[in-house]
Amino acid sequence: MLECYVCGQSLKLYTPVIAADSLHYLTGLAHFSGSDWDDHSAWLHFRQGETLYDIALDEDGAFDEAAELSLTVGEWELYMTGTDGEDRLTTVPVMLTVKASGLVDAPLHPMPLSVAEQIDSKATTALAFAAAVKAAAEAGAYDGEDGKSFVIEGFYDTFADLAAAVPNPAAGEAFGVGTTAPYDIYIWDAVNESWRNNGTIQGARGETGAHGATFTPSVDASGNLSWTNDGGLANPATQNIRGPAGADGATGPAGPGAFDAAVGAGYSGTEATFNAALAAIPYHNARHLPTGADPITVQTGNLANAAVTAAKIAAGAVSISLSGTIETTDWTGAAAPYAAEIAASGLLATDKPVVDAVMSGTYATDESLDEAWGLIYRAVAGADTITFYAREVPAVDLPFSLFAVRK
């Protein structure tokens, strides 16, 4: 018998493999779930290439030997249609395999089942079990409260032992058959009134799967999380995982002052000397930087027709150049400011001389000279003299040169 299970547009075969060459033998029965097919006249259709058989089902969803269904070897497409007035209902097609029957003169040899046939057999058993459970449920065999109603009632060494020991089984009763685990599970099919071997509960071990890919994450400085993998697969989309900015932290301790920082960098003078050197920086720049020389003041009345050239200024200018040394004994005064008056022949009180330090060319000596010059903050021209003023008395002699130009 060809049995099929129909639910809406779904069609499943109980026996997807049959043998060819039968005559007045094949019958069929459709089990309908739900109410979709109620009041529909149903037809089973068998199609192979251009060949098509249309078999009408009776009100019980069955057809008998009178339909004279005889299918040749090969794959047949099986589907169902139903009509109710102008309404039509169809199912998806399934495949029915028709094998050669072995109708030959020589004796037949037993042939092992192919893998496909074994799968078909397992599927057939599962469908039978589902039908048995359905029938048992409809008969009230299960309370359905906790899903734990399936119970193996006992175990027997052989099927013959089971059949002899349980002559009147109830629908859905299950027993284990075999001498060692795993046992074959036999369930009583109340629909067909026969024991169904559902095989072992534990299935066969599957094949080892293909090697998976390894995904490696990385996060950049902006908090973007991205992935790479060694399997050539698509990577997840990049996501930014940086959180919101945190609250400002507590104010740290005050850093060292300028003097402390200088000491940390190797300065060995006193703090007073350091502060005096800072205060003298503008004057020091005026003496030493190319753009820091004191400017020459030109009165407006000295401009002739607004035409003053460098040549005219040079022709009428008087220059004086002197050199000398401020010795440590030249300084006078009991407290700052200290003064040292040095002879400067030819210098006038109105002159604006440019004074420059004369260095020795030796680093250690010039370092002490530079520190001592930082103590001097002013130089004032007089008649044949120049007076220097300092915040502290330098500890070394200070060679100098001066240059003055006057009109």
# chains A, B, ... in the order shown; residues from 1 in each chain; ligands from 1
$ residues_around --residues "Gly199 in chain A" --least-positions-apart "2" --cutoff "8 Å" --atoms "only C-alpha atoms" --output "PyMOL selection string"
chain A and resi 122+183-186+197+201
$ residues_around --residues "Ala277 in chain A" --least-positions-apart "5" --cutoff "9 Å" --atoms "only C-alpha atoms" --output "ChimeraX atom specification"
/A:272,371-376
$ select_by_dssp --residues "range 167-293 of chain A" --states "strand (DSSP E or B)" --output "JSON, numbers by chain"
{"A": [174, 175, 176, 177, 184, 185, 186, 187, 188, 189, 194, 195, 196, 197, 215, 216, 217, 218, 219, 224, 225, 226, 227, 228, 229, 239, 240]}
$ residues_around --residues "Ala132 in chain A" --least-positions-apart "6" --cutoff "9 Å" --atoms "only C-alpha atoms" --output "PDB file with C-alpha atoms, in the first residue's frame"
ATOM      1  CA  ALA A 171      -0.834   1.454  21.044  1.00  0.00           C
ATOM      2  CA  GLY A 172       2.560   3.110  21.356  1.00  0.00           C
ATOM      3  CA  ILE A 187       6.834   0.148  19.064  1.00  0.00           C
ATOM      4  CA  TRP A 188       3.353  -1.270  18.561  1.00  0.00           C
ATOM      5  CA  ASP A 189       1.662   0.385  15.547  1.00  0.00           C
ATOM      6  CA  ALA A 190      -2.043   0.281  16.416  1.00  0.00           C
ATOM      7  CA  VAL A 191      -3.021   1.567  12.954  1.00  0.00           C
ATOM      8  CA  ASN A 192      -1.462  -1.349  11.074  1.00  0.00           C
TER       9      ASN A 192
END
$ residues_around --residues "Ala336 in chain A" --least-positions-apart "3" --cutoff "9 Å" --atoms "only C-alpha atoms" --output "PyMOL selection string"
chain A and resi 333+339+389-393
$ closest_residue --among "A:Thr216, A:Tyr377, A:Trp37, A:Ala395" --to "Ala280 in chain A" --atoms "only C-alpha atoms"
A:Tyr377
$ closest_residue --among "A:Thr72, A:Ser41, A:Gln48, A:Ser226" --to "Leu89 in chain A" --atoms "only C-alpha atoms"
A:Ser41
$ atom_distance --atom1 "CA of Gly85 in chain A" --atom2 "CA of Asp39 in chain A"
9.5 Å
$ atom_distance --atom1 "CA of Val396 in chain A" --atom2 "CA of Gly264 in chain A"
25.1 Å
$ atom_distance --atom1 "CA of Ala383 in chain A" --atom2 "CA of Arg406 in chain A"
14.3 Å
$ residues_around --residues "Thr158 in chain A" --least-positions-apart "5" --cutoff "9 Å" --atoms "only C-alpha atoms" --output "PDB file with C-alpha atoms, in the first residue's frame"
ATOM      1  CA  ALA A 163       6.107 -11.160  20.427  1.00  0.00           C
ATOM      2  CA  VAL A 177      15.236  -5.862  21.739  1.00  0.00           C
ATOM      3  CA  GLY A 178      18.812  -7.146  21.806  1.00  0.00           C
ATOM      4  CA  THR A 179      21.399  -8.641  24.124  1.00  0.00           C
TER       5      THR A 179
END
$ closest_residue --among "A:Phe46, A:Arg196, A:Val166, A:Arg88" --to "Val133 in chain A" --atoms "only C-alpha atoms"
A:Arg196
$ closest_residue --among "A:His40, A:Ala130, A:Leu278, A:Val17" --to "Ala262 in chain A" --atoms "only C-alpha atoms"
A:Leu278
$ residues_around --residues "Tyr53 in chain A" --least-positions-apart "3" --cutoff "10 Å" --atoms "only C-alpha atoms" --output "list in words"
Trp43, Leu44, His45, Phe46, Arg47, Gln48, Ala56, Ala67, Leu69, Ser70, Leu71 and Leu78 of chain A
$ closest_residue --among "A:Gly34, A:Thr208, A:Asp370, A:Trp76" --to "Glu50 in chain A" --atoms "only C-alpha atoms"
A:Trp76
$ decode --residues "range 208-227 of chain A" --atoms "N, CA and C atoms" --output "PDB file, in the first residue's frame"
ATOM      1  N   THR A 208      33.199  13.670  10.348  1.00  0.00           N
ATOM      2  CA  THR A 208      33.912  14.830  10.877  1.00  0.00           C
ATOM      3  C   THR A 208      33.677  16.028   9.975  1.00  0.00           C
ATOM      4  N   GLY A 209      33.294  17.134  10.569  1.00  0.00           N
ATOM      5  CA  GLY A 209      33.008  18.334   9.791  1.00  0.00           C
ATOM      6  C   GLY A 209      34.279  18.978   9.264  1.00  0.00           C
ATOM      7  N   ALA A 210      34.092  19.886   8.319  1.00  0.00           N
ATOM      8  CA  ALA A 210      35.218  20.603   7.743  1.00  0.00           C
ATOM      9  C   ALA A 210      35.855  21.520   8.786  1.00  0.00           C
ATOM     10  N   HIS A 211      37.148  21.785   8.591  1.00  0.00           N
ATOM     11  CA  HIS A 211      37.870  22.660   9.511  1.00  0.00           C
ATOM     12  C   HIS A 211      37.269  24.064   9.478  1.00  0.00           C
ATOM     13  N   GLY A 212      36.976  24.602  10.634  1.00  0.00           N
ATOM     14  CA  GLY A 212      36.375  25.923  10.707  1.00  0.00           C
ATOM     15  C   GLY A 212      37.421  27.027  10.554  1.00  0.00           C
ATOM     16  N   ALA A 213      36.936  28.227  10.371  1.00  0.00           N
ATOM     17  CA  ALA A 213      37.811  29.384  10.239  1.00  0.00           C
ATOM     18  C   ALA A 213      38.046  30.025  11.608  1.00  0.00           C
ATOM     19  N   THR A 214      39.223  30.607  11.794  1.00  0.00           N
ATOM     20  CA  THR A 214      39.549  31.327  13.014  1.00  0.00           C
ATOM     21  C   THR A 214      39.409  32.821  12.761  1.00  0.00           C
ATOM     22  N   PHE A 215      38.558  33.472  13.547  1.00  0.00           N
ATOM     23  CA  PHE A 215      38.368  34.910  13.422  1.00  0.00           C
ATOM     24  C   PHE A 215      39.228  35.614  14.473  1.00  0.00           C
ATOM     25  N   THR A 216      40.008  36.603  14.026  1.00  0.00           N
ATOM     26  CA  THR A 216      40.910  37.333  14.913  1.00  0.00           C
ATOM     27  C   THR A 216      40.464  38.784  15.022  1.00  0.00           C
ATOM     28  N   PRO A 217      40.192  39.271  16.253  1.00  0.00           N
ATOM     29  CA  PRO A 217      39.752  40.661  16.407  1.00  0.00           C
ATOM     30  C   PRO A 217      40.943  41.609  16.534  1.00  0.00           C
ATOM     31  N   SER A 218      40.719  42.873  16.201  1.00  0.00           N
ATOM     32  CA  SER A 218      41.713  43.914  16.435  1.00  0.00           C
ATOM     33  C   SER A 218      40.974  45.223  16.682  1.00  0.00           C
ATOM     34  N   VAL A 219      41.562  46.074  17.529  1.00  0.00           N
ATOM     35  CA  VAL A 219      40.962  47.365  17.880  1.00  0.00           C
ATOM     36  C   VAL A 219      41.984  48.448  17.596  1.00  0.00           C
ATOM     37  N   ASP A 220      41.587  49.482  16.808  1.00  0.00           N
ATOM     38  CA  ASP A 220      42.516  50.567  16.518  1.00  0.00           C
ATOM     39  C   ASP A 220      42.433  51.651  17.592  1.00  0.00           C
ATOM     40  N   ALA A 221      43.231  52.712  17.425  1.00  0.00           N
ATOM     41  CA  ALA A 221      43.308  53.762  18.439  1.00  0.00           C
ATOM     42  C   ALA A 221      41.996  54.507  18.610  1.00  0.00           C
ATOM     43  N   SER A 222      41.122  54.450  17.597  1.00  0.00           N
ATOM     44  CA  SER A 222      39.832  55.143  17.687  1.00  0.00           C
ATOM     45  C   SER A 222      38.743  54.267  18.283  1.00  0.00           C
ATOM     46  N   GLY A 223      39.077  53.032  18.689  1.00  0.00           N
ATOM     47  CA  GLY A 223      38.089  52.140  19.296  1.00  0.00           C
ATOM     48  C   GLY A 223      37.279  51.347  18.295  1.00  0.00           C
ATOM     49  N   ASN A 224      37.732  51.227  17.030  1.00  0.00           N
ATOM     50  CA  ASN A 224      37.008  50.455  16.027  1.00  0.00           C
ATOM     51  C   ASN A 224      37.422  48.991  16.102  1.00  0.00           C
ATOM     52  N   LEU A 225      36.454  48.125  16.369  1.00  0.00           N
ATOM     53  CA  LEU A 225      36.697  46.686  16.454  1.00  0.00           C
ATOM     54  C   LEU A 225      36.420  46.059  15.098  1.00  0.00           C
ATOM     55  N   SER A 226      37.433  45.434  14.504  1.00  0.00           N
ATOM     56  CA  SER A 226      37.279  44.766  13.213  1.00  0.00           C
ATOM     57  C   SER A 226      37.814  43.346  13.317  1.00  0.00           C
ATOM     58  N   TRP A 227      37.547  42.531  12.291  1.00  0.00           N
ATOM     59  CA  TRP A 227      37.903  41.107  12.312  1.00  0.00           C
ATOM     60  C   TRP A 227      38.605  40.707  11.036  1.00  0.00           C
TER      61      TRP A 227
END
